[in-house]
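Engineer: Can you keep this structure in mind? I'll have questions shortly.
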2 protein chains.
Amino acid sequence: MKNVIVGQSGGPTSVINSSLLGVYQTAKERGADIVYGMVHGIRGLLDEDVIDLSTEIRNELDMDLLKRTPSSFLGSCRYKLPDLEGNEDTYEKIFAILKKLEIYAFFYIGGNDSMDTIKKLSDYGKQVKSPIRFMGVPKTIDNDLMITDHTPGFGSAAKYIAATMKEVIRDGLVYDYPVVSVVEVMGRNAGWLTSAAALAKGDDCEGVDMIFLPERVFDVEYFLKKVGELLKENRSIVIAVSEGVKVADGRYVCELADHVDYVDMFGHKQLAGTARYLAGEVAKKYGCKTRAIELSSLQRCAAHVMARVDMTEAFNAGGAAVKYAFDPDPESKTGEGMTGMVVTLKRVLDDPYICITEPADVHEIANIEKKVPQEWITKDGTNVTDDLVHYIHPLIQAEIIPLWVNGLPHHIKRGHTD
Amino acid sequence: MKNVIVGQSGGPTSVINSSLLGVYQTAKERGADIVYGMVHGIRGLLDEDVIDLSTEIRNELDMDLLKRTPSSFLGSCRYKLPDLEGNEDTYEKIFAILKKLEIYAFFYIGGNDSMDTIKKLSDYGKQVKSPIRFMGVPKTIDNDLMITDHTPGFGSAAKYIAATMKEVIRDGLVYDYPVVSVVEVMGRNAGWLTSAAALAKGDDCEGVDMIFLPERVFDVEYFLKKVGELLKENRSIVIAVSEGVKVADGRYVCELADHVDYVDMFGHKQLAGTARYLAGEVAKKYGCKTRAIELSSLQRCAAHVMARVDMTEAFNAGGAAVKYAFDPDPESKTGEGMTGMVVTLKRVLDDPYICITEPADVHEIANIEKKVPQEWITKDGTNVTDDLVHYIHPLIQAEIIPLWVNGLPHHIKRGHTD
């Protein structure tokens, strides 16, 4: 009997459930008996909170709804396994649960933090000579994973951001007086998402006027000077700024505000407020109408704007993980499938865009962030280069139309209550 | 020769350009020679900034793009004509320009503030026995116009808000710890848009937990108490709140924050910040994770989510205005068309939904706001009734799919530079 188990971890993306479906369908096609889902990731597994996915994904309609449903269908967690040393009991407990469930392969869909779970479990598995295969499936809207050309989830978020920017740019031109719109995009340390604003520009759109990424130090005075220059020649100015931009002394821009921001339960400072602060400074200095727009969690859950390319790659990443775990590993003489690996996307060709999957060692991916290369940011730090636009462009292509029911995009939710 | 002129005024909607097209196409079909567009409304007309719309709307593709383009194609203004007394020169100037352009009928697409322009011009026209017809075409996402069952623009904004709420609700359930999301919706005095959040609820969605409209006094303590009660039974709580909610002493909720909000160039206080303030109070009191989401201008420009019903009604409202202005008015003996009237929408039947247009006297509409009736708000003021849901429901039905070009919704922009 070959059972498998799959979990979702970290922040969701629009296509994280396509990866789940890729694991489910491919495992079933390759003869898996039960495909278990961990409810709320490894945290749920520790409580033996698992479901038989065939009770949730019952037919073709369920599958098509699952692909179009935002948020992690199984629920997620932000939980890091403790280091092995001194915590052997946790690992023994997990492996005992997996043994009880007769698990052959364990799949975890997540970002670089979540890949730490695959790293630790596969390392422990090798140490205790467990036959269980541990495979990572990449996802994150942040696109900050090493080795992979890009991450599933990024393309759809980029498409939503670029589409929204086009609408904000049109809207900004409506009146006959100057308006400065500052749009805040997610990205604490990496500017990939914010740079997607550059894709708004085209035959039918003026594009955004400036783009600021966290990869460069932010200078408020310089920012205001540039806004002043733009105001001389434009009625509407639209600026994309990453929530994570910091000034020279290391403070986040949103921390410059004169009021106290609260800190959340994890001790993370609430970053939202960068656009608001900057719009306020522009209004103070130039007396013009300003607007602060935060894309907030909409950019990770706006499943009604999904890139077909991204969705297909997310599905394929899930399917490839199963293939690598089930097929005999050519580098191993045991005839067993791979373990301790993450599926990556490799861009074989740029024009026409062709992308394949490849396995990579989880140790090269877990806990490491990939940032936007300095050469893809313009010299003065106020925009991105054409190379960056060309890199993102194929990832936002093609559409998945929502299943509109009663006027709204229809979703699927777990019958299982937790 | 029968020339006509059309302008757009006030805040845009997703379907304001469908009304423009309705005026253009219907006027052309009824034999209008030139259809002029005012650039930035009556303000532009005073500067004789007008364009021949046939140079912009050249073919069927232009028409289909125009319907899908957010923001006012002609540009808008927020300008009220001065009272006639003592300002006769302004009126003489406008009528001289209209005479020079050989205008037979003048159409203005706008909300209750903009209808003031139709009121004043038609009153003056009657006084000086001008043959020019003045007709108003309703539009506003706020749905706050008198007499008309609803306004073109409201249905698409409501659809966007309900669809977004569904996504935010799914997203809020992703983690295994409590999250309170406060979503701020436009509506300074009327709660129509915020009440659209109630439509998220359905077979596949838990719905929002509370809805607060400006038609009721907001009590921060009561709000926090209710959140506390909900937190006992729910992991994720999603609350929709109007930007315009006020506490008993008349202050906006966002004014309760300890930092100073800036006032814009019109002396309007910047209202954004209500959700942020309330999320902060929840975090302080309950120590849970909170999120403040402002739908901001996205809700008036998200043309990629448009209700077909709304789009058709917006087109028809423009077309009906032409019909009323061109056809002999049955109440007049001169054989002339109507003037000083606004097109309204009359719901003839609720199930199945059937809606027709009817003319109404502009004096009954200009400068008056329609609010949500008290009986459509629950007794404790934390939600809306089923009657309100049934009222909005037909208005968000059916879809217009964007013309996706190169991965993004395609638009049309004026060739004319202003």
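As shown in the structure tokens, the chain order sets the letters A, B, ...; within each chain, residues go from 1, and ligands are also counted from 1 in the order they appear.
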What lies within 8 Å of Glu206 of chain B using only C-alpha atoms, ignoring chain neighbours under 5 positions off, as a list in words?

Structural biologist: Ile169, Ala200 and Lys201 of chain B

Engineer: Name all residues at most 9 Å from Gly381 of chain A (count only C-alpha atoms; drop same-chain ones fewer than 6 positions away) and give them as a list in words.

Structural biologist: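 Surrounding residues, per the criterion: Met210, Ile211, Phe212, Leu213, Arg216, Val217 and Phe218 of chain A.
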
Engineer: Using only C-alpha atoms, determine which residues of chain B fall within 6 Å of chain A; present them as a list in words.

Structural biologist: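 Listed by rising number, the hits are Ser71, Ser72, Gly75, Ser76, Cys77, Ala163, Glu167, Arg170, Asp171, Val174, Tyr175, Asp204, His259, Cys301, Ile396, Gln397, Ala398, Gly407, Leu408, His411 and Ile412 of chain B.
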
Engineer: With N, CA, C and O atoms retained, export the selected residues as a CSV table (one decimal), in the first residue's frame.

Structural biologist:
```csv
chain,number,residue,atom,x,y,z
B,71,SER,N,-12.5,54.7,-15.4
B,71,SER,CA,-12.2,56.1,-15.3
B,71,SER,C,-13.1,56.8,-16.4
B,71,SER,O,-13.5,56.1,-17.4
B,72,SER,N,-13.3,58.1,-16.3
B,72,SER,CA,-14.1,58.8,-17.3
B,72,SER,C,-13.3,59.0,-18.5
B,72,SER,O,-12.3,59.8,-18.4
B,75,GLY,N,-12.6,62.6,-19.2
B,75,GLY,CA,-12.1,63.3,-18.1
B,75,GLY,C,-13.3,63.9,-17.4
B,75,GLY,O,-14.4,64.1,-17.9
B,76,SER,N,-13.1,64.2,-16.1
B,76,SER,CA,-14.2,64.7,-15.3
B,76,SER,C,-13.8,66.0,-14.6
B,76,SER,O,-12.7,66.5,-14.7
B,77,CYS,N,-14.8,66.5,-13.8
B,77,CYS,CA,-14.5,67.7,-13.0
B,77,CYS,C,-15.4,67.6,-11.8
B,77,CYS,O,-16.3,66.9,-11.7
B,163,ALA,N,-17.2,40.1,-4.4
B,163,ALA,CA,-16.2,39.2,-4.8
B,163,ALA,C,-14.9,39.3,-4.0
B,163,ALA,O,-14.3,38.2,-3.6
B,167,GLU,N,-13.0,36.5,-1.3
B,167,GLU,CA,-11.6,36.2,-1.3
B,167,GLU,C,-10.9,36.5,0.1
B,167,GLU,O,-10.1,35.7,0.6
B,170,ARG,N,-12.0,33.8,2.6
B,170,ARG,CA,-11.2,32.5,2.5
B,170,ARG,C,-9.8,32.7,3.0
B,170,ARG,O,-9.3,31.9,3.8
B,171,ASP,N,-9.2,33.9,2.7
B,171,ASP,CA,-7.8,34.1,3.1
B,171,ASP,C,-7.7,34.2,4.6
B,171,ASP,O,-6.7,33.8,5.2
B,174,VAL,N,-6.9,31.0,6.7
B,174,VAL,CA,-5.8,30.2,6.3
B,174,VAL,C,-5.0,29.7,7.5
B,174,VAL,O,-4.5,28.5,7.5
B,175,TYR,N,-4.9,30.5,8.5
B,175,TYR,CA,-4.0,30.1,9.6
B,175,TYR,C,-4.8,29.5,10.8
B,175,TYR,O,-6.0,29.5,10.8
B,204,ASP,N,-20.8,28.5,-0.6
B,204,ASP,CA,-19.4,28.3,-0.6
B,204,ASP,C,-18.6,29.3,0.3
B,204,ASP,O,-17.4,29.4,0.3
B,259,HIS,N,-3.1,60.4,15.9
B,259,HIS,CA,-2.2,61.2,15.0
B,259,HIS,C,-3.1,62.1,14.1
B,259,HIS,O,-4.3,61.8,13.9
B,301,CYS,N,-12.7,51.7,-9.8
B,301,CYS,CA,-12.0,51.6,-11.1
B,301,CYS,C,-11.7,50.1,-11.5
B,301,CYS,O,-11.0,49.9,-12.5
B,396,ILE,N,-25.8,42.7,-9.5
B,396,ILE,CA,-24.4,42.3,-9.7
B,396,ILE,C,-24.3,41.1,-10.6
B,396,ILE,O,-23.2,40.5,-10.8
B,397,GLN,N,-25.5,40.7,-11.3
B,397,GLN,CA,-25.5,39.5,-12.1
B,397,GLN,C,-24.8,39.7,-13.4
B,397,GLN,O,-24.7,40.7,-14.0
B,398,ALA,N,-24.3,38.5,-13.9
B,398,ALA,CA,-23.7,38.4,-15.2
B,398,ALA,C,-22.4,39.2,-15.4
B,398,ALA,O,-22.1,40.1,-14.6
B,407,GLY,N,-1.8,39.5,-21.6
B,407,GLY,CA,-1.8,39.2,-20.2
B,407,GLY,C,-2.6,40.2,-19.3
B,407,GLY,O,-2.8,39.9,-18.1
B,408,LEU,N,-3.0,41.3,-19.9
B,408,LEU,CA,-3.7,42.3,-19.1
B,408,LEU,C,-5.0,42.8,-19.8
B,408,LEU,O,-5.1,42.8,-21.0
B,411,HIS,N,-7.5,48.6,-22.5
B,411,HIS,CA,-8.3,49.8,-22.4
B,411,HIS,C,-8.2,50.7,-23.6
B,411,HIS,O,-7.5,50.3,-24.6
B,412,ILE,N,-8.9,51.8,-23.6
B,412,ILE,CA,-8.8,52.8,-24.7
B,412,ILE,C,-8.4,54.1,-24.0
B,412,ILE,O,-9.0,54.3,-22.9
```

Engineer: Find the residues around segment 93-108 of chain B up to 9 Å (only C-alpha atoms counted), leave out those fewer than 4 positions away in its own chain, and share them as number ranges by chain.

Structural biologist: B: 1-9, 23, 32, 34, 36, 41-42, 45-46, 48, 88-89, 114-115, 117-118, 121, 125, 130-138, 318, 321-322, 325-326, 339

Engineer: Near Val128 of chain B, counting only C-alpha atoms, which residues have an atom at most 10 Å away, once you skip same-chain residues fewer than 4 positions from it, shown as a PyMOL selection string?

Structural biologist: chain B and resi 92+95+122-124

Engineer: State, in Å with one decimal place, the distance from atom CA of Cys254 of chain B to atom CA of Gly153 of chain B.

Structural biologist: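 Computing the Euclidean distance for atom CA of Cys254 of chain B and atom CA of Gly153 of chain B yields 26.5 Å.
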
Engineer: What separation in Å, quoted to one decimal, exists between atom CA of Lys246 of chain B and atom CA of Leu231 of chain B?

Structural biologist: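 If I compute the distance from atom CA of Lys246 of chain B to atom CA of Leu231 of chain B, I get 24.2 Å.
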
Engineer: Residues at most 9 Å from Ala360 of chain A, counting only C-alpha atoms, excluding those fewer than 2 positions away in the same chain, as a VMD selection string?

Structural biologist: chain A and resid 147 to 148 340 to 344 358 362 to 365

Engineer: Take the residues from that selection and put them in a file with N, CA and C atoms, as a CSV table (one decimal), in the first residue's frame.

Structural biologist:
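The result, written out as result_10.csv:
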```csv
chain,number,residue,atom,x,y,z
A,147,ILE,N,17.6,29.3,-6.8
A,147,ILE,CA,17.7,28.3,-7.8
A,147,ILE,C,16.5,28.3,-8.8
A,148,THR,N,15.3,28.2,-8.3
A,148,THR,CA,14.2,28.2,-9.3
A,148,THR,C,14.1,29.6,-10.0
A,340,GLY,N,14.3,14.8,0.2
A,340,GLY,CA,15.1,15.9,0.5
A,340,GLY,C,15.4,16.9,-0.7
A,341,MET,N,14.4,16.9,-1.6
A,341,MET,CA,14.5,17.7,-2.8
A,341,MET,C,13.3,18.7,-2.9
A,342,VAL,N,13.6,19.7,-3.7
A,342,VAL,CA,12.5,20.7,-4.0
A,342,VAL,C,12.4,20.7,-5.5
A,343,VAL,N,11.1,20.8,-6.0
A,343,VAL,CA,10.9,21.0,-7.4
A,343,VAL,C,11.3,22.5,-7.7
A,344,THR,N,12.0,22.7,-8.8
A,344,THR,CA,12.3,24.0,-9.2
A,344,THR,C,11.8,24.2,-10.6
A,358,GLU,N,12.7,20.8,-12.5
A,358,GLU,CA,14.0,20.1,-12.1
A,358,GLU,C,14.1,20.0,-10.6
A,362,VAL,N,17.2,20.5,-1.2
A,362,VAL,CA,16.5,21.4,-0.3
A,362,VAL,C,17.4,22.3,0.5
A,363,HIS,N,18.7,21.8,0.8
A,363,HIS,CA,19.6,22.6,1.6
A,363,HIS,C,20.0,23.9,0.9
A,364,GLU,N,19.8,23.9,-0.5
A,364,GLU,CA,20.2,25.1,-1.2
A,364,GLU,C,19.1,26.1,-1.3
A,365,ILE,N,17.9,25.7,-0.8
A,365,ILE,CA,16.7,26.6,-0.9
A,365,ILE,C,16.2,27.1,0.4
```

Engineer: Using Å and a single decimal, report how far atom CA of Gly191 of chain B sits from atom CA of Ala248 of chain B.

Structural biologist: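 The value is 17.2 Å.
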
Engineer: Taking the chain letters and numbering used in this document, name the residues of segment 165-361 of chain A that DSSP puts in alpha helix (DSSP H), as a ChimeraX atom specification.

Structural biologist: /A:165-172,192-195,220-233,274-286,298-301,308-326

Engineer: Write the residues you've just listed into a file as a PDB file, in the first residue's frame, and include C-alpha atoms for each of them.

Structural biologist:
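Contents of out04.pdb, freshly written:
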```
ATOM      1  CA  MET A 165      -1.965  49.543 -11.717  1.00  0.00           C
ATOM      2  CA  LYS A 166      -3.506  50.008 -15.172  1.00  0.00           C
ATOM      3  CA  GLU A 167      -6.840  50.768 -13.550  1.00  0.00           C
ATOM      4  CA  VAL A 168      -5.315  53.113 -10.961  1.00  0.00           C
ATOM      5  CA  ILE A 169      -3.392  54.953 -13.702  1.00  0.00           C
ATOM      6  CA  ARG A 170      -6.573  55.526 -15.741  1.00  0.00           C
ATOM      7  CA  ASP A 171      -8.438  56.569 -12.611  1.00  0.00           C
ATOM      8  CA  GLY A 172      -5.726  59.050 -11.629  1.00  0.00           C
ATOM      9  CA  TRP A 192       9.789  41.303  -7.123  1.00  0.00           C
ATOM     10  CA  LEU A 193       6.096  42.008  -6.587  1.00  0.00           C
ATOM     11  CA  THR A 194       6.534  45.777  -6.634  1.00  0.00           C
ATOM     12  CA  SER A 195       8.526  45.573  -9.843  1.00  0.00           C
ATOM     13  CA  VAL A 220      12.597  60.553   1.424  1.00  0.00           C
ATOM     14  CA  GLU A 221      14.081  63.901   0.333  1.00  0.00           C
ATOM     15  CA  TYR A 222      15.119  62.512  -3.042  1.00  0.00           C
ATOM     16  CA  PHE A 223      11.691  60.931  -3.443  1.00  0.00           C
ATOM     17  CA  LEU A 224       9.999  64.278  -2.798  1.00  0.00           C
ATOM     18  CA  LYS A 225      12.357  66.051  -5.196  1.00  0.00           C
ATOM     19  CA  LYS A 226      11.539  63.568  -7.969  1.00  0.00           C
ATOM     20  CA  VAL A 227       7.805  63.931  -7.296  1.00  0.00           C
ATOM     21  CA  GLY A 228       8.212  67.707  -7.629  1.00  0.00           C
ATOM     22  CA  GLU A 229       9.933  67.291 -10.991  1.00  0.00           C
ATOM     23  CA  LEU A 230       7.212  64.944 -12.231  1.00  0.00           C
ATOM     24  CA  LEU A 231       4.477  67.335 -11.070  1.00  0.00           C
ATOM     25  CA  LYS A 232       5.835  69.988 -13.431  1.00  0.00           C
ATOM     26  CA  GLU A 233       5.029  67.859 -16.453  1.00  0.00           C
ATOM     27  CA  THR A 274       4.386  53.298   3.879  1.00  0.00           C
ATOM     28  CA  ALA A 275       2.139  54.652   1.122  1.00  0.00           C
ATOM     29  CA  ARG A 276       0.118  56.579   3.644  1.00  0.00           C
ATOM     30  CA  TYR A 277       3.203  58.208   5.119  1.00  0.00           C
ATOM     31  CA  LEU A 278       4.658  59.124   1.726  1.00  0.00           C
ATOM     32  CA  ALA A 279       1.325  60.448   0.400  1.00  0.00           C
ATOM     33  CA  GLY A 280       1.095  62.622   3.511  1.00  0.00           C
ATOM     34  CA  GLU A 281       4.600  64.019   2.950  1.00  0.00           C
ATOM     35  CA  VAL A 282       3.752  64.826  -0.692  1.00  0.00           C
ATOM     36  CA  ALA A 283       0.516  66.555   0.378  1.00  0.00           C
ATOM     37  CA  LYS A 284       2.400  68.583   2.987  1.00  0.00           C
ATOM     38  CA  LYS A 285       5.147  69.651   0.592  1.00  0.00           C
ATOM     39  CA  TYR A 286       3.167  70.283  -2.606  1.00  0.00           C
ATOM     40  CA  LEU A 298      -5.826  41.301  -1.960  1.00  0.00           C
ATOM     41  CA  GLN A 299      -2.646  40.640  -3.959  1.00  0.00           C
ATOM     42  CA  ARG A 300      -2.301  37.156  -2.529  1.00  0.00           C
ATOM     43  CA  CYS A 301      -5.963  36.175  -2.624  1.00  0.00           C
ATOM     44  CA  ARG A 308      -2.968  30.448 -16.724  1.00  0.00           C
ATOM     45  CA  VAL A 309       0.799  30.031 -17.132  1.00  0.00           C
ATOM     46  CA  ASP A 310       1.207  30.308 -13.375  1.00  0.00           C
ATOM     47  CA  MET A 311      -1.659  27.934 -12.638  1.00  0.00           C
ATOM     48  CA  THR A 312      -0.296  25.284 -14.992  1.00  0.00           C
ATOM     49  CA  GLU A 313       3.197  25.573 -13.537  1.00  0.00           C
ATOM     50  CA  ALA A 314       1.813  25.303 -10.006  1.00  0.00           C
ATOM     51  CA  PHE A 315      -0.063  22.142 -10.965  1.00  0.00           C
ATOM     52  CA  ASN A 316       3.001  20.739 -12.715  1.00  0.00           C
ATOM     53  CA  ALA A 317       5.235  21.491  -9.720  1.00  0.00           C
ATOM     54  CA  GLY A 318       2.932  19.408  -7.540  1.00  0.00           C
ATOM     55  CA  GLY A 319       2.815  16.630 -10.120  1.00  0.00           C
ATOM     56  CA  ALA A 320       6.591  16.648 -10.636  1.00  0.00           C
ATOM     57  CA  ALA A 321       7.165  16.295  -6.893  1.00  0.00           C
ATOM     58  CA  VAL A 322       5.142  13.061  -6.971  1.00  0.00           C
ATOM     59  CA  LYS A 323       7.018  11.841 -10.037  1.00  0.00           C
ATOM     60  CA  TYR A 324      10.419  12.495  -8.412  1.00  0.00           C
ATOM     61  CA  ALA A 325       9.333  10.733  -5.219  1.00  0.00           C
ATOM     62  CA  PHE A 326       7.781   7.728  -6.978  1.00  0.00           C
TER      63      PHE A 326
END
```

Engineer: Using only C-alpha atoms, which residue out of A:Thr378, A:Val182, A:Glu215, A:Ile161 lies closest to Val238 of chain A?

Structural biologist: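 Result for the nearest residue to Val238 of chain A: A:Val182.
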
Engineer: Write out as a PyMOL selection string all residues of segment 117-364 of chain B that DSSP puts in strand (DSSP E or B) for this structure's backbone.

Structural biologist: chain B and resi 133-138+179-185+202+205+210-212+236-242+246+252+263+269+289-294+307+341-350+353-361
